[in-house]
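Q: Below is the structure I would like to discuss, written out as structure tokens.
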Amino acid sequence: MVSKGAGIGYRRSKNPRNGASFDWGGFLYVVKFVFVFIAFFIAGQGIIREIPELFIAESPELIFNLALSKAPVYRKLPEGAILFSAPERVKRTKHDLIARAENFIYADISVMALSVYRNGKVATSVPINAIGKEGSFFETPNGQYKILSKEKNHFSTIGSVWMPWSMNFFGNYFIHGWPYYPGGKAVADSFSGGCIRLTTENAKEIFDLAEKGETVLVYDPNAPGMSDFTYFEKIKPGHPRVRVPDISAVSALAADTETGEILFAKNKTEIHPIASITKLMTGLVALETINRFKTLAMDSASLSAYGNSAGLKAGEKLTSEEFLYPLMLASSNDVAELYKRTVPGFIGVMNEKARAIGLQNTFYEDPSGMSPKNVSTAEDLFKLLTYIQNSKKPLFNLTALPSKTLVTSGKSRKHMWNNVNWPADDEQFVGGKAGLTDEALQTMAGIYRVHISEFGDREVAIIVLGSYDRVKDVRAIIGFLEKQFVYGSVIAKVKQSHVIEAGANVYEALKYFR
């Protein structure tokens, strides 16, 4: 605890009596002492003002038992305490490319416009006529990509249409002109299958300018956070802060999925094996590289993969989309292997997608997570979770189902796959993926409804890596958040206040109002 002020000491001087001389030595000593004390006192005030911003409780090892003084000091989150997923990364990359005077293509979904930059300046801009429907499997993928191929006319096996002046930038996604059926009839003016559709005339203009290998940025911002709302941390005058959760996980993170604000962190940038959390990326890449209506047959080579088979047998058939249920709910390694064998270079595409959405410390060696070389950080997994929730919501929603029953063709067998990721009776679970291997121990990357809002729940992503009991660790973190934080607009009308009182509790804002 830092205290302010100190007693000032004086040396008693003699009272001149009977001609006694004044004690000048003592007087000068007092003057020097006072001068030095004032200098230290002024410097101390600067240090006291800096301490609250220097020592921010961002992780358990940085928690300080600071008691509230008579004039509470407002603390904002340090730099890096807000996590941004793909949209913010795309904006930063755009500015970097402009600063370096590079060539690139920028598709801004928020204004439905596509621009070609040459030497950092806009060479041409054209309207975007259609994109993938928001919230569907075909939603246009946000992120950083590159032109992989160019075709004057590409036939789409997914839509069974011709796409003139096509430029493939990732998986099944293209920039192209207006599609038409083999008979020559143009498709309807509606949402595309996830591609960026231009008029045929504009597509040719872009096609002539685009170069193979050129960077393509797709920017589709999430809904903005509410500026009149913020997080407050509960504090009690004269008492130490609430103890951080006692968890077994070696790395953990809890962050608001809408605002990106970190509420709890422990070694969030440490790289660790992630086990079957890998399958979040496996499912994402399967959706973006395989026609989801295509029928796939389970084969003996895929069944030879070590681990869970979800009860599938060789010869059983489902669509690519239907195979997501045993992959995500039963955590089938065989389905992961089947996807890998279906798409040449599947693992390379997984790593390319990781880079595209800003996962800087993530690497995949296999599609199931059995390899200890499948690694990531809690911070990267937050970005992956929020990316899937925002850009491939049907895939994310699938992870929350308690079970799914399907009948395969080929063998005509009925399967029911239960969700092994989280206890089915927990209504706070929104979705996510769990993992377990000897090297990774227990892992979890999920989103939960946490009761920390004045008007309802907040969705908070919670990631734990290297845990001996993932359920216990996650619930300990949720309990800590619900006891320690509140999210609301309690000081919206008094924005100059840093601390507000609410009954017996005191809440301190975690960030400045914007």
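Identifiers in this document derive from the order of the structure tokens: chains are assigned A, B, ..., residues are numbered from 1 separately in each chain, and ligands are numbered from 1 in order of occurrence.
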So which residues of stretch 403-493 of chain A fall under helix (DSSP H, G or I) by DSSP, listed as a list of chain:residue names?

A: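 Those in stretch 403-493 of chain A that DSSP calls helix (DSSP H, G or I) are A:Arg470, A:Val471, A:Lys472, A:Asp473, A:Val474, A:Arg475, A:Ala476, A:Ile477, A:Ile478, A:Gly479, A:Phe480, A:Leu481, A:Glu482, A:Lys483, A:Gln484.
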
Q: Would you save the residues of that selection, restricted to C-alpha atoms, as a PDB file, in the first residue's frame?

A:
ATOM      1  CA  ARG A 470     -11.016 -28.260 -17.472  1.00  0.00           C
ATOM      2  CA  VAL A 471     -14.604 -28.154 -16.169  1.00  0.00           C
ATOM      3  CA  LYS A 472     -13.502 -27.210 -12.656  1.00  0.00           C
ATOM      4  CA  ASP A 473     -11.071 -24.589 -13.977  1.00  0.00           C
ATOM      5  CA  VAL A 474     -13.615 -22.952 -16.281  1.00  0.00           C
ATOM      6  CA  ARG A 475     -16.260 -22.851 -13.556  1.00  0.00           C
ATOM      7  CA  ALA A 476     -13.739 -21.324 -11.135  1.00  0.00           C
ATOM      8  CA  ILE A 477     -13.025 -18.571 -13.653  1.00  0.00           C
ATOM      9  CA  ILE A 478     -16.747 -17.950 -14.218  1.00  0.00           C
ATOM     10  CA  GLY A 479     -17.289 -17.706 -10.449  1.00  0.00           C
ATOM     11  CA  PHE A 480     -14.441 -15.202 -10.167  1.00  0.00           C
ATOM     12  CA  LEU A 481     -15.828 -13.050 -12.981  1.00  0.00           C
ATOM     13  CA  GLU A 482     -19.352 -13.027 -11.573  1.00  0.00           C
ATOM     14  CA  LYS A 483     -18.066 -11.998  -8.164  1.00  0.00           C
ATOM     15  CA  GLN A 484     -15.532  -9.429  -9.338  1.00  0.00           C
TER      16      GLN A 484
END

Q: When DSSP is applied to the backbone of this structure, which of stretch 339-479 of chain A are assigned strand (DSSP E)? Write them out as number ranges by chain.

A: A: 375-376, 403-407, 414-418, 429-437, 441-450, 458-467

Q: Could you write those residues out with N, CA and C atoms, as a tab-separated table (two decimals), in the first residue's frame?

A:
chain	number	residue	atom	x	y	z
A	375	VAL	N	-0.09	-26.68	-31.92
A	375	VAL	CA	0.07	-25.76	-30.78
A	375	VAL	C	-0.62	-24.43	-31.06
A	376	SER	N	-0.89	-23.72	-29.97
A	376	SER	CA	-1.46	-22.38	-30.07
A	376	SER	C	-1.30	-21.70	-28.72
A	403	SER	N	-26.74	-33.38	-28.71
A	403	SER	CA	-26.56	-34.64	-29.45
A	403	SER	C	-27.10	-34.45	-30.86
A	404	LYS	N	-26.77	-35.40	-31.72
A	404	LYS	CA	-27.29	-35.38	-33.09
A	404	LYS	C	-27.45	-36.81	-33.57
A	405	THR	N	-28.59	-37.09	-34.19
A	405	THR	CA	-28.86	-38.42	-34.74
A	405	THR	C	-28.97	-38.35	-36.26
A	406	LEU	N	-28.25	-39.22	-36.95
A	406	LEU	CA	-28.29	-39.28	-38.41
A	406	LEU	C	-28.25	-40.73	-38.86
A	407	VAL	N	-28.78	-40.98	-40.05
A	407	VAL	CA	-28.70	-42.30	-40.66
A	407	VAL	C	-27.79	-42.19	-41.87
A	414	LYS	N	-27.87	-46.20	-38.19
A	414	LYS	CA	-28.30	-45.05	-37.41
A	414	LYS	C	-27.26	-44.76	-36.33
A	415	HIS	N	-26.87	-43.49	-36.23
A	415	HIS	CA	-25.90	-43.07	-35.23
A	415	HIS	C	-26.48	-41.92	-34.39
A	416	MET	N	-26.16	-41.92	-33.11
A	416	MET	CA	-26.44	-40.76	-32.27
A	416	MET	C	-25.13	-40.37	-31.61
A	417	TRP	N	-24.69	-39.14	-31.88
A	417	TRP	CA	-23.44	-38.65	-31.32
A	417	TRP	C	-23.73	-37.64	-30.21
A	418	ASN	N	-23.27	-37.93	-29.02
A	418	ASN	CA	-23.44	-37.01	-27.88
A	418	ASN	C	-22.28	-36.02	-27.83
A	429	PHE	N	-23.22	-22.72	-21.23
A	429	PHE	CA	-22.35	-23.07	-22.34
A	429	PHE	C	-22.98	-22.64	-23.66
A	430	VAL	N	-22.27	-21.82	-24.43
A	430	VAL	CA	-22.76	-21.33	-25.72
A	430	VAL	C	-22.20	-22.17	-26.86
A	431	GLY	N	-20.99	-22.67	-26.71
A	431	GLY	CA	-20.36	-23.48	-27.74
A	431	GLY	C	-18.86	-23.50	-27.58
A	432	GLY	N	-18.21	-24.47	-28.22
A	432	GLY	CA	-16.76	-24.56	-28.13
A	432	GLY	C	-16.27	-25.98	-28.31
A	433	LYS	N	-14.98	-26.19	-28.07
A	433	LYS	CA	-14.36	-27.50	-28.29
A	433	LYS	C	-13.39	-27.83	-27.19
A	434	ALA	N	-13.42	-29.11	-26.77
A	434	ALA	CA	-12.51	-29.60	-25.73
A	434	ALA	C	-11.49	-30.54	-26.35
A	435	GLY	N	-10.42	-30.81	-25.59
A	435	GLY	CA	-9.41	-31.74	-26.06
A	435	GLY	C	-8.73	-32.45	-24.91
A	436	LEU	N	-8.08	-33.58	-25.22
A	436	LEU	CA	-7.36	-34.35	-24.21
A	436	LEU	C	-6.32	-35.23	-24.88
A	437	THR	N	-5.06	-35.04	-24.53
A	437	THR	CA	-3.99	-35.96	-24.90
A	437	THR	C	-3.00	-36.00	-23.73
A	441	LEU	N	-2.63	-32.55	-21.90
A	441	LEU	CA	-3.54	-32.69	-20.77
A	441	LEU	C	-4.94	-32.28	-21.24
A	442	GLN	N	-5.76	-31.67	-20.38
A	442	GLN	CA	-7.10	-31.27	-20.79
A	442	GLN	C	-7.06	-29.83	-21.32
A	443	THR	N	-7.80	-29.60	-22.40
A	443	THR	CA	-7.87	-28.26	-22.98
A	443	THR	C	-9.33	-27.90	-23.25
A	444	MET	N	-9.61	-26.61	-23.28
A	444	MET	CA	-10.97	-26.15	-23.56
A	444	MET	C	-10.92	-24.76	-24.16
A	445	ALA	N	-11.69	-24.57	-25.22
A	445	ALA	CA	-11.89	-23.24	-25.79
A	445	ALA	C	-13.39	-23.09	-26.02
A	446	GLY	N	-14.05	-22.33	-25.15
A	446	GLY	CA	-15.50	-22.22	-25.23
A	446	GLY	C	-15.99	-20.82	-24.93
A	447	ILE	N	-17.24	-20.58	-25.26
A	447	ILE	CA	-17.89	-19.30	-24.95
A	447	ILE	C	-19.04	-19.59	-23.99
A	448	TYR	N	-19.16	-18.75	-22.97
A	448	TYR	CA	-20.13	-18.98	-21.89
A	448	TYR	C	-20.92	-17.71	-21.60
A	449	ARG	N	-22.16	-17.90	-21.16
A	449	ARG	CA	-22.98	-16.77	-20.70
A	449	ARG	C	-22.64	-16.53	-19.23
A	450	VAL	N	-22.10	-15.35	-18.96
A	450	VAL	CA	-21.64	-15.03	-17.61
A	450	VAL	C	-22.51	-13.90	-17.05
A	458	ARG	N	-23.34	-11.64	-20.31
A	458	ARG	CA	-22.34	-11.31	-21.32
A	458	ARG	C	-21.74	-12.62	-21.82
A	459	GLU	N	-21.45	-12.68	-23.11
A	459	GLU	CA	-20.79	-13.86	-23.66
A	459	GLU	C	-19.28	-13.67	-23.53
A	460	VAL	N	-18.67	-14.55	-22.78
A	460	VAL	CA	-17.24	-14.47	-22.49
A	460	VAL	C	-16.55	-15.73	-22.98
A	461	ALA	N	-15.49	-15.55	-23.76
A	461	ALA	CA	-14.69	-16.69	-24.20
A	461	ALA	C	-13.73	-17.06	-23.08
A	462	ILE	N	-13.70	-18.35	-22.75
A	462	ILE	CA	-12.79	-18.84	-21.71
A	462	ILE	C	-11.97	-19.98	-22.30
A	463	ILE	N	-10.65	-19.83	-22.23
A	463	ILE	CA	-9.74	-20.83	-22.77
A	463	ILE	C	-8.84	-21.32	-21.64
A	464	VAL	N	-8.70	-22.63	-21.51
A	464	VAL	CA	-7.74	-23.20	-20.56
A	464	VAL	C	-6.90	-24.23	-21.29
A	465	LEU	N	-5.59	-24.20	-21.06
A	465	LEU	CA	-4.65	-25.13	-21.66
A	465	LEU	C	-3.81	-25.78	-20.57
A	466	GLY	N	-3.47	-27.04	-20.76
A	466	GLY	CA	-2.66	-27.74	-19.77
A	466	GLY	C	-3.36	-27.89	-18.44
A	467	SER	N	-4.63	-28.25	-18.48
A	467	SER	CA	-5.44	-28.35	-17.26
A	467	SER	C	-5.56	-29.81	-16.82

Q: Could you pull the residues within 10 Å of A:Tyr325, counting only C-alpha atoms, minus those fewer than 2 positions along the same chain, as a count of residues only?

A: 25

Q: What is the atom CA of A:Gln144 to atom CA of A:Asn351 distance in Å?

A: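 Taking atom CA of A:Gln144 as the start and atom CA of A:Asn351 as the end point, the length is 12.7 Å.
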
Q: Name all residues at most 12 Å from A:Ile131 (count only C-alpha atoms; drop same-chain ones fewer than 6 positions away) and give them as a PyMOL selection string.

A: chain A and resi 107-114+138-142+173-176+178+189-198+218+220

Q: What is the atom CA of A:Asp366-atom CA of A:Met350 distance in Å, reported with one decimal?

A: 9.4 Å

Q: Rounded to one decimal, what separation in Å do you get between atom CA of A:Ala265 and atom CA of A:Ala252?

A: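 Separating atom CA of A:Ala265 from atom CA of A:Ala252 is a distance of 5.6 Å.
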
Q: With only C-alpha atoms as the counted atoms, please give the residues lying no more than 8 Å from stretch 284-294 of chain A, apart from itself and same-chain residues fewer than 6 positions off, as an NGL selection string.

A: :A and (137 or 158 or 170-173 or 319-321 or 339 or 343 or 346 or 349-350 or 353 or 388 or 392 or 395)

Q: Given the selection you just returned, output its residues as a file containing C-alpha atoms, formatted as a PDB file, in the first residue's frame.

A:
ATOM      1  CA  PHE A 137     -22.258 -21.565 -44.080  1.00  0.00           C
ATOM      2  CA  ILE A 158     -20.993 -26.251 -56.101  1.00  0.00           C
ATOM      3  CA  PHE A 170      -9.164 -19.114 -50.806  1.00  0.00           C
ATOM      4  CA  GLY A 171     -10.764 -22.552 -50.820  1.00  0.00           C
ATOM      5  CA  ASN A 172     -14.062 -22.336 -52.719  1.00  0.00           C
ATOM      6  CA  TYR A 173     -14.101 -18.523 -52.697  1.00  0.00           C
ATOM      7  CA  THR A 319     -22.491 -35.276 -46.931  1.00  0.00           C
ATOM      8  CA  SER A 320     -19.407 -33.261 -46.052  1.00  0.00           C
ATOM      9  CA  GLU A 321     -21.572 -31.007 -43.896  1.00  0.00           C
ATOM     10  CA  TYR A 339     -11.404 -34.408 -44.565  1.00  0.00           C
ATOM     11  CA  VAL A 343      -8.485 -32.088 -49.933  1.00  0.00           C
ATOM     12  CA  PHE A 346      -5.363 -29.838 -46.271  1.00  0.00           C
ATOM     13  CA  VAL A 349      -4.622 -24.806 -45.911  1.00  0.00           C
ATOM     14  CA  MET A 350      -5.283 -25.014 -42.153  1.00  0.00           C
ATOM     15  CA  LYS A 353      -6.221 -19.944 -42.739  1.00  0.00           C
ATOM     16  CA  ILE A 388     -15.965 -18.771 -36.142  1.00  0.00           C
ATOM     17  CA  LYS A 392     -19.291 -19.240 -39.570  1.00  0.00           C
ATOM     18  CA  LEU A 395     -20.514 -24.253 -37.421  1.00  0.00           C
TER      19      LEU A 395
END

Q: With only C-alpha atoms as the counted atoms, please give the residues lying no more than 10 Å from A:Thr269, apart from itself and same-chain residues fewer than 2 positions off, as a VMD selection string.

A: chain A and resid 251 to 253 265 to 267 271 to 272 361 376 to 380

Q: Could you tell me which of A:Ala249, A:Met167, A:Ala314, A:Val116 comes closest to A:Gly213 if we count only C-alpha atoms?

A: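 With only C-alpha atoms as the atom set, the closest residue is A:Met167.
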
Q: Need to verify the contact set: A:Glu439, 9 Å, only C-alpha atoms, exclusion of same-chain residues closer than 6 positions in sequence. Can you return it as a list in words?

A: Pro273, Ala275, Ser371, Pro372 and Gly466 of chain A
